[in-house]
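Pasted below: target03.cif, mmCIF, C-alpha atoms and all ligand atoms.
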```
data_work
#
loop_
_atom_site.label_atom_id
_atom_site.label_comp_id
_atom_site.auth_asym_id
_atom_site.auth_seq_id
_atom_site.Cartn_x
_atom_site.Cartn_y
_atom_site.Cartn_z
CA MET R 74 124.92 109.73 77.76
CA ASP R 75 125.43 110.19 81.47
CA SER R 76 122.53 108.41 83.22
CA GLU R 77 121.70 111.42 85.40
CA VAL R 78 121.28 113.61 82.32
CA ALA R 79 119.19 110.89 80.65
CA LEU R 80 116.91 110.84 83.71
CA HIS R 81 116.29 114.58 83.34
CA THR R 82 115.65 114.64 79.63
CA SER R 83 113.57 111.51 79.03
CA ILE R 84 109.86 112.25 78.86
CA PRO R 85 107.65 109.31 79.88
CA ALA R 86 105.69 107.68 77.07
CA GLY R 87 102.06 108.72 76.67
CA LEU R 88 102.27 112.34 77.89
CA ASP R 89 100.70 114.86 75.52
CA ARG R 90 102.51 117.97 74.30
CA LYS R 91 101.46 120.26 77.15
CA GLU R 92 102.18 117.58 79.77
CA SER R 93 105.60 116.92 78.22
CA GLU R 94 106.40 120.61 78.33
CA ILE R 95 105.55 120.84 82.05
CA TYR R 96 107.27 117.54 82.82
CA SER R 97 110.50 118.75 81.20
CA ARG R 98 110.65 121.46 83.90
CA LEU R 99 110.37 118.90 86.73
CA ASP R 100 113.12 117.13 88.59
CA PRO R 101 111.99 113.49 88.30
CA ARG R 102 114.18 112.57 91.28
CA ARG R 103 112.07 114.81 93.53
CA LEU R 104 108.59 113.63 92.67
CA PRO R 105 106.26 113.40 95.66
CA ARG R 106 105.93 109.80 96.81
CA HIS R 107 102.24 110.22 97.50
CA ILE R 108 99.75 112.83 96.25
CA ALA R 109 96.29 113.06 97.80
CA ILE R 110 93.54 115.00 96.02
CA ILE R 111 90.37 116.58 97.40
CA MET R 112 88.20 116.57 94.27
CA ASP R 113 85.84 119.52 94.68
CA GLY R 114 83.67 121.76 92.51
CA ASN R 115 81.60 119.30 90.49
CA GLY R 116 78.41 121.06 91.56
CA ARG R 117 79.78 124.54 90.80
CA TRP R 118 81.04 123.39 87.41
CA ALA R 119 77.54 122.11 86.58
CA ARG R 120 75.79 125.22 87.89
CA GLN R 121 77.95 127.47 85.71
CA ARG R 122 76.67 125.50 82.73
CA HIS R 123 73.03 125.41 83.91
CA LEU R 124 73.28 121.64 84.23
CA PRO R 125 72.10 119.39 87.08
CA ARG R 126 74.74 118.70 89.79
CA VAL R 127 75.06 115.09 88.68
CA ALA R 128 76.36 116.25 85.29
CA GLY R 129 79.35 117.63 87.20
CA HIS R 130 79.97 114.26 88.82
CA ARG R 131 79.70 112.52 85.45
CA ALA R 132 82.21 114.94 83.93
CA GLY R 133 84.44 114.42 86.96
CA VAL R 134 85.01 110.81 85.97
CA GLU R 135 86.96 111.97 82.90
CA SER R 136 89.16 114.04 85.22
CA VAL R 137 89.78 110.98 87.38
CA ARG R 138 90.79 109.02 84.29
CA SER R 139 93.17 111.67 82.99
CA THR R 140 94.77 112.33 86.39
CA VAL R 141 95.25 108.65 87.19
CA GLU R 142 96.80 107.89 83.79
CA THR R 143 99.21 110.81 83.92
CA ALA R 144 100.20 109.95 87.50
CA ALA R 145 100.94 106.36 86.48
CA ARG R 146 102.87 107.46 83.38
CA ILE R 147 105.24 109.61 85.41
CA HIS R 148 105.67 106.72 87.89
CA LEU R 149 104.15 108.43 90.88
CA PRO R 150 104.23 105.74 93.58
CA ALA R 151 100.85 106.59 95.16
CA LEU R 152 97.75 108.64 94.39
CA THR R 153 94.75 108.96 96.72
CA LEU R 154 91.43 110.46 95.65
CA TYR R 155 88.80 111.72 98.10
CA ALA R 156 85.76 110.49 96.20
CA PHE R 157 83.13 110.27 98.91
CA SER R 158 83.32 111.55 102.46
CA SER R 159 81.39 110.06 105.36
CA GLU R 160 79.60 113.44 105.59
CA ASN R 161 78.56 113.38 101.89
CA TRP R 162 76.60 110.27 102.66
CA LYS R 163 74.45 112.00 105.29
CA LYS R 164 74.16 115.51 103.86
CA ARG R 165 73.37 115.01 100.17
CA PRO R 166 69.95 114.17 98.71
CA PRO R 167 69.49 110.37 98.42
CA ARG R 168 69.12 110.68 94.64
CA GLU R 169 72.54 112.30 94.32
CA VAL R 170 74.11 109.69 96.61
CA ASP R 171 72.48 106.97 94.55
CA PHE R 172 73.85 108.53 91.36
CA LEU R 173 77.38 108.68 92.82
CA MET R 174 77.17 105.01 93.83
CA ARG R 175 76.10 103.97 90.33
CA LEU R 176 78.83 106.14 88.82
CA LEU R 177 81.43 104.49 91.04
CA ARG R 178 80.26 100.98 90.11
CA ARG R 179 80.36 101.88 86.43
CA TYR R 180 83.81 103.49 86.77
CA LEU R 181 85.26 100.43 88.50
CA LYS R 182 83.90 98.07 85.86
CA ALA R 183 85.04 100.21 82.93
CA GLU R 184 88.47 101.15 84.31
CA VAL R 185 89.92 97.81 85.42
CA PRO R 186 91.46 97.04 81.96
CA THR R 187 93.11 100.50 81.89
CA LEU R 188 94.32 100.11 85.47
CA ASN R 189 95.87 96.79 84.49
CA GLN R 190 97.46 98.23 81.33
CA ASN R 191 99.05 100.92 83.50
CA ASN R 192 100.11 98.43 86.21
CA ILE R 193 97.98 100.26 88.83
CA ARG R 194 96.86 98.53 92.04
CA LEU R 195 93.58 99.63 93.53
CA GLU R 196 93.05 100.11 97.28
CA TYR R 197 90.34 101.74 99.37
CA ILE R 198 90.13 103.68 102.60
CA GLY R 199 86.94 104.35 104.55
CA ARG R 200 84.18 102.35 106.20
CA ARG R 201 83.37 100.21 103.19
CA HIS R 202 81.07 97.89 105.13
CA GLU R 203 78.54 100.77 105.35
CA LEU R 204 78.31 101.10 101.54
CA PRO R 205 75.56 99.33 99.55
CA ASP R 206 76.25 95.60 98.97
CA ALA R 207 76.41 95.98 95.18
CA VAL R 208 79.08 98.68 95.54
CA GLN R 209 81.09 96.61 98.01
CA GLU R 210 80.99 93.62 95.67
CA ARG R 211 82.23 95.68 92.72
CA MET R 212 84.96 97.22 94.88
CA GLN R 213 86.11 93.78 95.96
CA TRP R 214 86.11 92.55 92.36
CA ALA R 215 88.14 95.53 91.06
CA GLN R 216 90.63 95.27 93.91
CA GLN R 217 91.21 91.58 93.27
CA ALA R 218 91.49 92.16 89.52
CA THR R 219 94.35 94.64 90.04
CA ALA R 220 95.94 93.06 93.13
CA LYS R 221 99.02 91.72 91.30
CA ASN R 222 100.00 95.06 89.77
CA THR R 223 103.28 96.46 91.01
CA GLY R 224 103.19 100.09 89.82
CA MET R 225 101.24 103.01 91.27
CA VAL R 226 98.84 102.43 94.16
CA LEU R 227 95.54 104.20 93.50
CA THR R 228 93.57 104.56 96.72
CA LEU R 229 89.94 105.67 96.61
CA ALA R 230 88.60 107.26 99.78
CA LEU R 231 84.98 106.08 99.93
CA ASN R 232 82.77 106.79 102.92
CA TYR R 233 85.96 108.18 104.45
CA GLY R 234 86.40 110.60 107.36
CA ALA R 235 89.72 111.25 109.13
CA ARG R 236 88.28 111.48 112.63
CA MET R 237 86.37 108.26 112.05
CA GLU R 238 89.61 106.66 110.87
CA LEU R 239 91.32 107.70 114.12
CA VAL R 240 88.42 106.37 116.19
CA ASP R 241 88.60 103.05 114.30
CA ALA R 242 92.39 102.93 114.79
CA PHE R 243 92.21 103.57 118.56
CA ASN R 244 89.46 100.97 118.97
CA ALA R 245 91.52 98.45 116.99
CA ILE R 246 94.59 99.15 119.14
CA VAL R 247 92.67 98.67 122.38
CA GLN R 248 90.95 95.54 121.07
CA ALA R 249 94.26 94.01 119.93
CA ALA R 250 95.83 94.77 123.32
CA ALA R 251 92.85 93.29 125.19
CA ASN R 252 93.16 90.08 123.11
CA ASN R 253 96.88 89.97 123.70
CA GLY R 254 97.49 90.05 127.43
CA GLY R 255 95.54 93.16 128.44
CA LEU R 256 96.07 96.90 128.44
CA ARG R 257 98.77 97.02 131.12
CA HIS R 258 101.59 96.48 128.60
CA LEU R 259 100.10 98.70 125.90
CA LYS R 260 102.55 101.37 124.72
CA ILE R 261 101.10 103.79 122.21
CA ASP R 262 103.50 105.52 119.87
CA GLU R 263 103.22 107.10 116.41
CA GLU R 264 104.31 103.95 114.63
CA LEU R 265 101.58 101.91 116.35
CA ILE R 266 98.93 104.44 115.33
CA ASP R 267 100.26 104.49 111.73
CA ARG R 268 99.92 100.71 111.56
CA HIS R 269 96.25 100.86 112.57
CA LEU R 270 95.15 103.57 110.13
CA TYR R 271 93.29 102.71 106.91
CA THR R 272 96.38 104.09 105.12
CA ARG R 273 98.84 101.55 106.53
CA HIS R 274 99.69 100.53 102.93
CA LEU R 275 100.85 104.08 102.09
CA PRO R 276 103.58 106.60 102.89
CA ASP R 277 102.24 109.92 104.23
CA PRO R 278 101.22 112.32 101.43
CA ASP R 279 103.92 114.82 100.42
CA LEU R 280 101.38 116.91 98.53
CA VAL R 281 97.66 117.55 98.99
CA ILE R 282 95.81 119.12 96.06
CA ARG R 283 92.38 120.69 96.47
CA THR R 284 90.40 121.84 93.46
CA SER R 285 87.80 124.62 93.31
CA GLY R 286 89.45 127.10 95.63
CA GLU R 287 88.41 126.25 99.20
CA MET R 288 91.23 126.42 101.77
CA ARG R 289 90.08 123.50 103.92
CA LEU R 290 91.11 119.93 104.63
CA SER R 291 87.52 118.74 105.13
CA ASN R 292 88.36 115.86 107.46
CA PHE R 293 90.80 114.30 104.95
CA LEU R 294 93.86 112.34 106.18
CA LEU R 295 94.32 114.65 109.18
CA TRP R 296 97.00 112.53 110.86
CA GLN R 297 98.89 111.78 107.66
CA VAL R 298 99.17 115.33 106.27
CA ALA R 299 101.19 116.64 109.24
CA TYR R 300 104.07 117.75 106.97
CA ALA R 301 102.38 117.76 103.56
CA GLU R 302 102.51 120.70 101.19
CA ILE R 303 99.05 121.99 100.30
CA TYR R 304 98.22 123.22 96.81
CA VAL R 305 94.82 124.81 96.13
CA THR R 306 93.73 125.56 92.57
CA ALA R 307 90.65 127.49 91.43
CA THR R 308 90.07 124.89 88.70
CA HIS R 309 86.87 122.90 89.30
CA TRP R 310 87.40 119.15 89.37
CA PRO R 311 85.66 118.43 86.02
CA ASP R 312 88.20 120.72 84.31
CA PHE R 313 91.20 119.15 86.05
CA ARG R 314 93.49 117.04 83.84
CA GLY R 315 96.90 115.39 83.98
CA ARG R 316 98.60 118.67 83.06
CA HIS R 317 97.14 120.31 86.18
CA LEU R 318 98.62 117.51 88.28
CA LEU R 319 102.02 118.21 86.72
CA GLU R 320 101.62 121.94 87.41
CA ALA R 321 100.91 121.15 91.07
CA ILE R 322 104.07 119.02 91.19
CA ALA R 323 106.06 121.88 89.61
CA GLU R 324 104.82 124.22 92.36
CA TYR R 325 105.60 121.58 95.01
CA GLN R 326 109.16 121.39 93.75
CA THR R 327 109.64 125.12 94.30
CA ARG R 328 108.75 124.82 97.98
CA GLU R 329 111.23 124.27 100.73
CA ARG R 330 110.22 121.51 103.12
CA ARG R 331 111.55 122.00 106.62
CA TYR R 332 109.77 119.43 108.80
CA GLY R 333 109.97 121.78 111.75
CA GLY R 334 113.64 122.69 111.18
CA LEU R 335 115.20 125.93 109.98
CA SER R 336 115.91 126.80 106.38
CA ASP R 337 119.43 126.62 104.94
CA GLY R 338 121.50 129.57 105.99
CA HIS R 339 119.88 129.73 109.41
CA GLY R 340 122.15 127.25 111.16
CA ALA R 341 120.50 124.02 112.31
CA HIS R 342 118.56 122.30 109.54
CA THR R 343 116.60 119.09 110.11
C1 LIG O 401 82.83 117.25 95.01
O1 LIG O 401 82.05 118.13 94.25
C2 LIG O 401 82.84 115.91 94.44
C3 LIG O 401 82.27 114.80 95.02
C4 LIG O 401 81.58 114.82 96.30
C5 LIG O 401 82.25 113.50 94.38
C6 LIG O 401 83.47 113.14 93.61
C7 LIG O 401 83.11 112.17 92.58
C8 LIG O 401 83.64 112.12 91.34
C9 LIG O 401 84.69 112.98 90.87
C10 LIG O 401 83.16 111.16 90.33
C11 LIG O 401 83.24 109.73 90.68
C12 LIG O 401 84.48 109.30 91.33
C13 LIG O 401 85.18 108.22 90.99
C14 LIG O 401 86.36 107.79 91.76
C15 LIG O 401 84.81 107.44 89.82
P1 LIG O 401 80.81 118.86 94.92
O2 LIG O 401 79.58 118.15 94.47
O3 LIG O 401 81.00 118.92 96.39
O4 LIG O 401 80.93 120.26 94.26
P2 LIG O 401 80.44 121.68 94.83
O5 LIG O 401 81.23 121.91 96.09
O6 LIG O 401 80.78 122.61 93.73
O7 LIG O 401 78.97 121.54 95.06
#
```
How would this structure read if it were set down as structure tokens?
Amino acid sequence: MDSEVALHTSIPAGLDRKESEIYSRLDPRRLPRHIAIIMDGNGRWARQRHLPRVAGHRAGVESVRSTVETAARIHLPALTLYAFSSENWKKRPPREVDFLMRLLRRYLKAEVPTLNQNNIRLEYIGRRHELPDAVQERMQWAQQATAKNTGMVLTLALNYGARMELVDAFNAIVQAAANNGGLRHLKIDEELIDRHLYTRHLPDPDLVIRTSGEMRLSNFLLWQVAYAEIYVTATHWPDFRGRHLLEAIAEYQTRERRYGGLSDGHGAHT
């Protein structure tokens, strides 16, 4: 069989029936290189069921598992999950924050074998030094345990805020220049800023998914999403599964990306 046809028709191992059906409609040569997800709606999901908010977070772990596995199975190069914003830390009751921290530690411990089976490398973005010591230690352990994997990069945004990231990047640039002959020769360009962001290990996201309906970026990857497609679904995060990820990719593939140029048929196209 012609290899191009084979590429179109082969369904990756491990997808369930619904996922396979959606995948068969995708063009595997035009997968996004990086998908970033704003996981929202855990609280609303719980409230609809008359459950405490934390039950929504607990259920959200299963969604993380399903989404990560499906993403790895289709060979998505990079997936980033907004798990905990720097604002969450200040604005949520301490008991809920404490619950999220314990959930994260438990997730990291339980998931490392699956991450390794799926050849997934774990990375983090955010001010990790402000997180509790026990969380930092577990993060370090999980990162080291998956460091040799060569497949998908799973980045967890923990105590992350985009403006904070930019502040940290600018401070790092100035500090590096001061240590290296002073500011007089400093030339700031986009590439220099990219190299000082927490996301320096990643390409910019092609697709941002937000669950639970809000049309906001909530201080997530503001620099990096300059040309990203945005997909908002009403589905609350605890109901989100791998098939929803594939549906978002299907929608992404129907969009025309112009990067500031004109569409085909209108002359100049960049
Ligand atoms: C948003 O829902 C969700 C969060 C702030 C936390 C996300 C955490 C998880 C999905 C579970 C743990 C994560 C990992 C990586 C293991 P919300 O509480 O803001 O919902 P609401 O807007 O409906 O109140």
Q.
I want to know what sits within 8 Å of R:Leu152, based on all atoms listed in the file, with residues of the same chain fewer than 5 positions away left out; could you give that as a PyMOL selection string?
A. chain R and resi 107-110+141+144+225-228
Q | Residue with smallest distance to ligand LIG 401 (chain O) - pool R:Asn244, R:Ser285, R:Ser83, R:Thr327, counting only C-alpha atoms and all ligand atoms | A |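 Counting only C-alpha atoms and all ligand atoms, the residue closest to ligand LIG 401 (chain O) is R:Ser285.
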Kindly provide the residues of chain R that approach ligand LIG 401 (chain O) to within 8 Å, each paired with its closest atom pair and their distance in Å to one decimal, based on all atoms listed in the file, listed by chain and increasing number, as CSV.
```
residue,atom,partner,partner_atom,distance
R:Ile111,CA,O:LIG401,C1,7.9
R:Met112,CA,O:LIG401,C2,5.4
R:Asp113,CA,O:LIG401,C1,3.8
R:Gly114,CA,O:LIG401,O6,3.3
R:Asn115,CA,O:LIG401,O4,3.9
R:Gly116,CA,O:LIG401,O6,3.6
R:Arg117,CA,O:LIG401,O6,3.6
R:Trp118,CA,O:LIG401,O6,6.4
R:Ala119,CA,O:LIG401,O6,7.9
R:Arg126,CA,O:LIG401,O2,6.8
R:Val127,CA,O:LIG401,O2,8.0
R:Gly129,CA,O:LIG401,O2,7.3
R:His130,CA,O:LIG401,C10,4.7
R:Arg131,CA,O:LIG401,C10,6.1
R:Ala132,CA,O:LIG401,C10,7.5
R:Gly133,CA,O:LIG401,C9,4.2
R:Val134,CA,O:LIG401,C10,4.7
R:Ser136,CA,O:LIG401,C9,7.3
R:Val137,CA,O:LIG401,C14,6.4
R:Leu154,CA,O:LIG401,C14,6.9
R:Tyr155,CA,O:LIG401,C6,7.1
R:Ala156,CA,O:LIG401,C6,4.4
R:Phe157,CA,O:LIG401,C4,5.5
R:Ser158,CA,O:LIG401,C4,7.2
R:Asn161,CA,O:LIG401,C4,6.5
R:Leu173,CA,O:LIG401,C11,6.3
R:Leu176,CA,O:LIG401,C11,6.0
R:Leu177,CA,O:LIG401,C15,4.6
R:Arg178,CA,O:LIG401,C15,7.9
R:Arg179,CA,O:LIG401,C15,7.9
R:Tyr180,CA,O:LIG401,C15,5.1
R:Leu181,CA,O:LIG401,C15,7.1
R:Leu229,CA,O:LIG401,C14,6.4
R:Ser285,CA,O:LIG401,O6,7.3
R:His309,CA,O:LIG401,O6,7.5
R:Trp310,CA,O:LIG401,C9,6.9
R:Pro311,CA,O:LIG401,C9,7.4
```
Q: Could you check how far atom CA of R:Arg268 sits from atom CA of R:Ala251, in Å to one decimal?
A: 17.1 Å
(Q) Show me, as a ChimeraX atom specification, the residues that have an atom within 9 Å of stretch 205-216 of chain R when counting all atoms listed in the file, minus same-chain residues fewer than 5 positions from it. (A) /R:174-175,177-178,181-182,184-185,194-197
**Q.** Å distance separating atom CA of R:Leu259 from atom CA of R:His274, one decimal place
**A.** 23.0 Å
Q | Closest of R:Gln248, R:Thr306, R:Ser93, R:Gln297 to R:Arg273 - atom-to-atom distances counting only C-alpha atoms | A |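 The closest residue to R:Arg273 is R:Gln297.
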Got a sec: who's within 9 Å of R:Ala321, counting all atoms listed in the file, leaving out chain neighbours fewer than 5 positions off, as a short mmCIF file (atom, residue, chain, number, x, y, z; two decimals) with C-alpha atoms, in the frame of the given file?
```cif
data_model
loop_
_atom_site.label_atom_id
_atom_site.label_comp_id
_atom_site.auth_asym_id
_atom_site.auth_seq_id
_atom_site.Cartn_x
_atom_site.Cartn_y
_atom_site.Cartn_z
CA LEU R 280 101.38 116.91 98.53
CA ILE R 282 95.81 119.12 96.06
CA TYR R 304 98.22 123.22 96.81
CA VAL R 305 94.82 124.81 96.13
CA THR R 306 93.73 125.56 92.57
CA ARG R 316 98.60 118.67 83.06
CA GLN R 326 109.16 121.39 93.75
#
```
Q: Find, counting only C-alpha atoms, the residue in R:Gly334, R:Gly315, R:Pro101, R:Pro150 that gets nearest to R:Gly224.
A: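 Distance minimum relative to R:Gly224 lands on R:Pro150.
If you look at atom CA of R:Glu203 and atom CA of R:Leu265, they are 25.6 Å away from each other.
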(Q) For a quick check of understanding, using all atoms listed in the file, which of R:Ala307, R:Ala151, R:Ala301, R:Ala242 has the smallest distance to R:Thr223? (A) R:Ala151
Q. Which one is closest to R:Leu295: R:Lys260, R:Glu320, R:Thr308, R:Gly234? Count all atoms listed in the file.
A.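 Selected residue with least distance to R:Leu295: R:Gly234.
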For stretch 198-230 of chain R, supply N, CA and C atoms and report the output as a compact mmCIF listing (two decimals), in the frame of the given file.
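Below you can see result37.txt, which holds the result:
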```txt
# COMPACT_ATOMS: atom_id res chain seq x y z
N ILE R 198 90.15 103.31 101.19
CA ILE R 198 90.13 103.68 102.60
C ILE R 198 88.73 104.19 102.93
N GLY R 199 88.28 103.94 104.14
CA GLY R 199 86.94 104.35 104.55
C GLY R 199 86.18 103.16 105.11
N ARG R 200 85.00 103.44 105.65
CA ARG R 200 84.18 102.35 106.20
C ARG R 200 83.39 101.70 105.07
N ARG R 201 84.02 100.76 104.37
CA ARG R 201 83.37 100.21 103.19
C ARG R 201 82.18 99.34 103.53
N HIS R 202 82.19 98.77 104.77
CA HIS R 202 81.07 97.89 105.13
C HIS R 202 79.74 98.64 105.24
N GLU R 203 79.78 99.99 105.29
CA GLU R 203 78.54 100.77 105.35
C GLU R 203 78.00 101.12 103.96
N LEU R 204 78.75 100.79 102.91
CA LEU R 204 78.31 101.10 101.54
C LEU R 204 77.32 100.01 101.07
N PRO R 205 76.51 100.33 100.04
CA PRO R 205 75.56 99.33 99.55
C PRO R 205 76.29 98.05 99.10
N ASP R 206 75.62 96.89 99.29
CA ASP R 206 76.25 95.60 98.97
C ASP R 206 76.79 95.55 97.54
N ALA R 207 76.00 96.06 96.59
CA ALA R 207 76.41 95.98 95.18
C ALA R 207 77.70 96.77 94.95
N VAL R 208 77.86 97.87 95.67
CA VAL R 208 79.08 98.68 95.54
C VAL R 208 80.25 97.93 96.16
N GLN R 209 80.02 97.37 97.34
CA GLN R 209 81.09 96.61 98.01
C GLN R 209 81.57 95.44 97.15
N GLU R 210 80.61 94.77 96.51
CA GLU R 210 80.99 93.62 95.67
C GLU R 210 81.86 94.07 94.50
N ARG R 211 81.46 95.18 93.86
CA ARG R 211 82.23 95.68 92.72
C ARG R 211 83.62 96.15 93.16
N MET R 212 83.67 96.76 94.34
CA MET R 212 84.96 97.22 94.88
C MET R 212 85.90 96.03 95.08
N GLN R 213 85.34 94.99 95.69
CA GLN R 213 86.11 93.78 95.96
C GLN R 213 86.64 93.18 94.66
N TRP R 214 85.76 93.13 93.66
CA TRP R 214 86.11 92.55 92.36
C TRP R 214 87.26 93.34 91.72
N ALA R 215 87.12 94.68 91.72
CA ALA R 215 88.14 95.53 91.06
C ALA R 215 89.47 95.44 91.80
N GLN R 216 89.39 95.36 93.12
CA GLN R 216 90.63 95.27 93.91
C GLN R 216 91.36 93.96 93.60
N GLN R 217 90.58 92.87 93.57
CA GLN R 217 91.21 91.58 93.27
C GLN R 217 91.79 91.55 91.86
N ALA R 218 91.06 92.19 90.92
CA ALA R 218 91.49 92.16 89.52
C ALA R 218 92.78 92.95 89.29
N THR R 219 93.14 93.82 90.22
CA THR R 219 94.35 94.64 90.04
C THR R 219 95.41 94.32 91.11
N ALA R 220 95.12 93.31 91.92
CA ALA R 220 95.94 93.06 93.13
C ALA R 220 97.40 92.72 92.80
N LYS R 221 97.64 92.16 91.60
CA LYS R 221 99.02 91.72 91.30
C LYS R 221 99.86 92.84 90.68
N ASN R 222 99.24 93.97 90.41
CA ASN R 222 100.00 95.06 89.77
C ASN R 222 101.03 95.64 90.74
N THR R 223 102.15 96.06 90.16
CA THR R 223 103.28 96.46 91.01
C THR R 223 103.65 97.93 90.86
N GLY R 224 102.88 98.68 90.04
CA GLY R 224 103.19 100.09 89.82
C GLY R 224 102.49 100.97 90.85
N MET R 225 101.87 102.03 90.36
CA MET R 225 101.24 103.01 91.27
C MET R 225 100.10 102.37 92.08
N VAL R 226 99.99 102.82 93.33
CA VAL R 226 98.84 102.43 94.16
C VAL R 226 97.81 103.55 94.09
N LEU R 227 96.64 103.23 93.55
CA LEU R 227 95.54 104.20 93.50
C LEU R 227 94.58 103.86 94.64
N THR R 228 94.46 104.80 95.58
CA THR R 228 93.57 104.56 96.72
C THR R 228 92.36 105.48 96.61
N LEU R 229 91.17 104.88 96.64
CA LEU R 229 89.94 105.67 96.61
C LEU R 229 89.41 105.79 98.02
N ALA R 230 89.20 107.03 98.47
CA ALA R 230 88.60 107.26 99.78
C ALA R 230 87.08 107.27 99.59
```
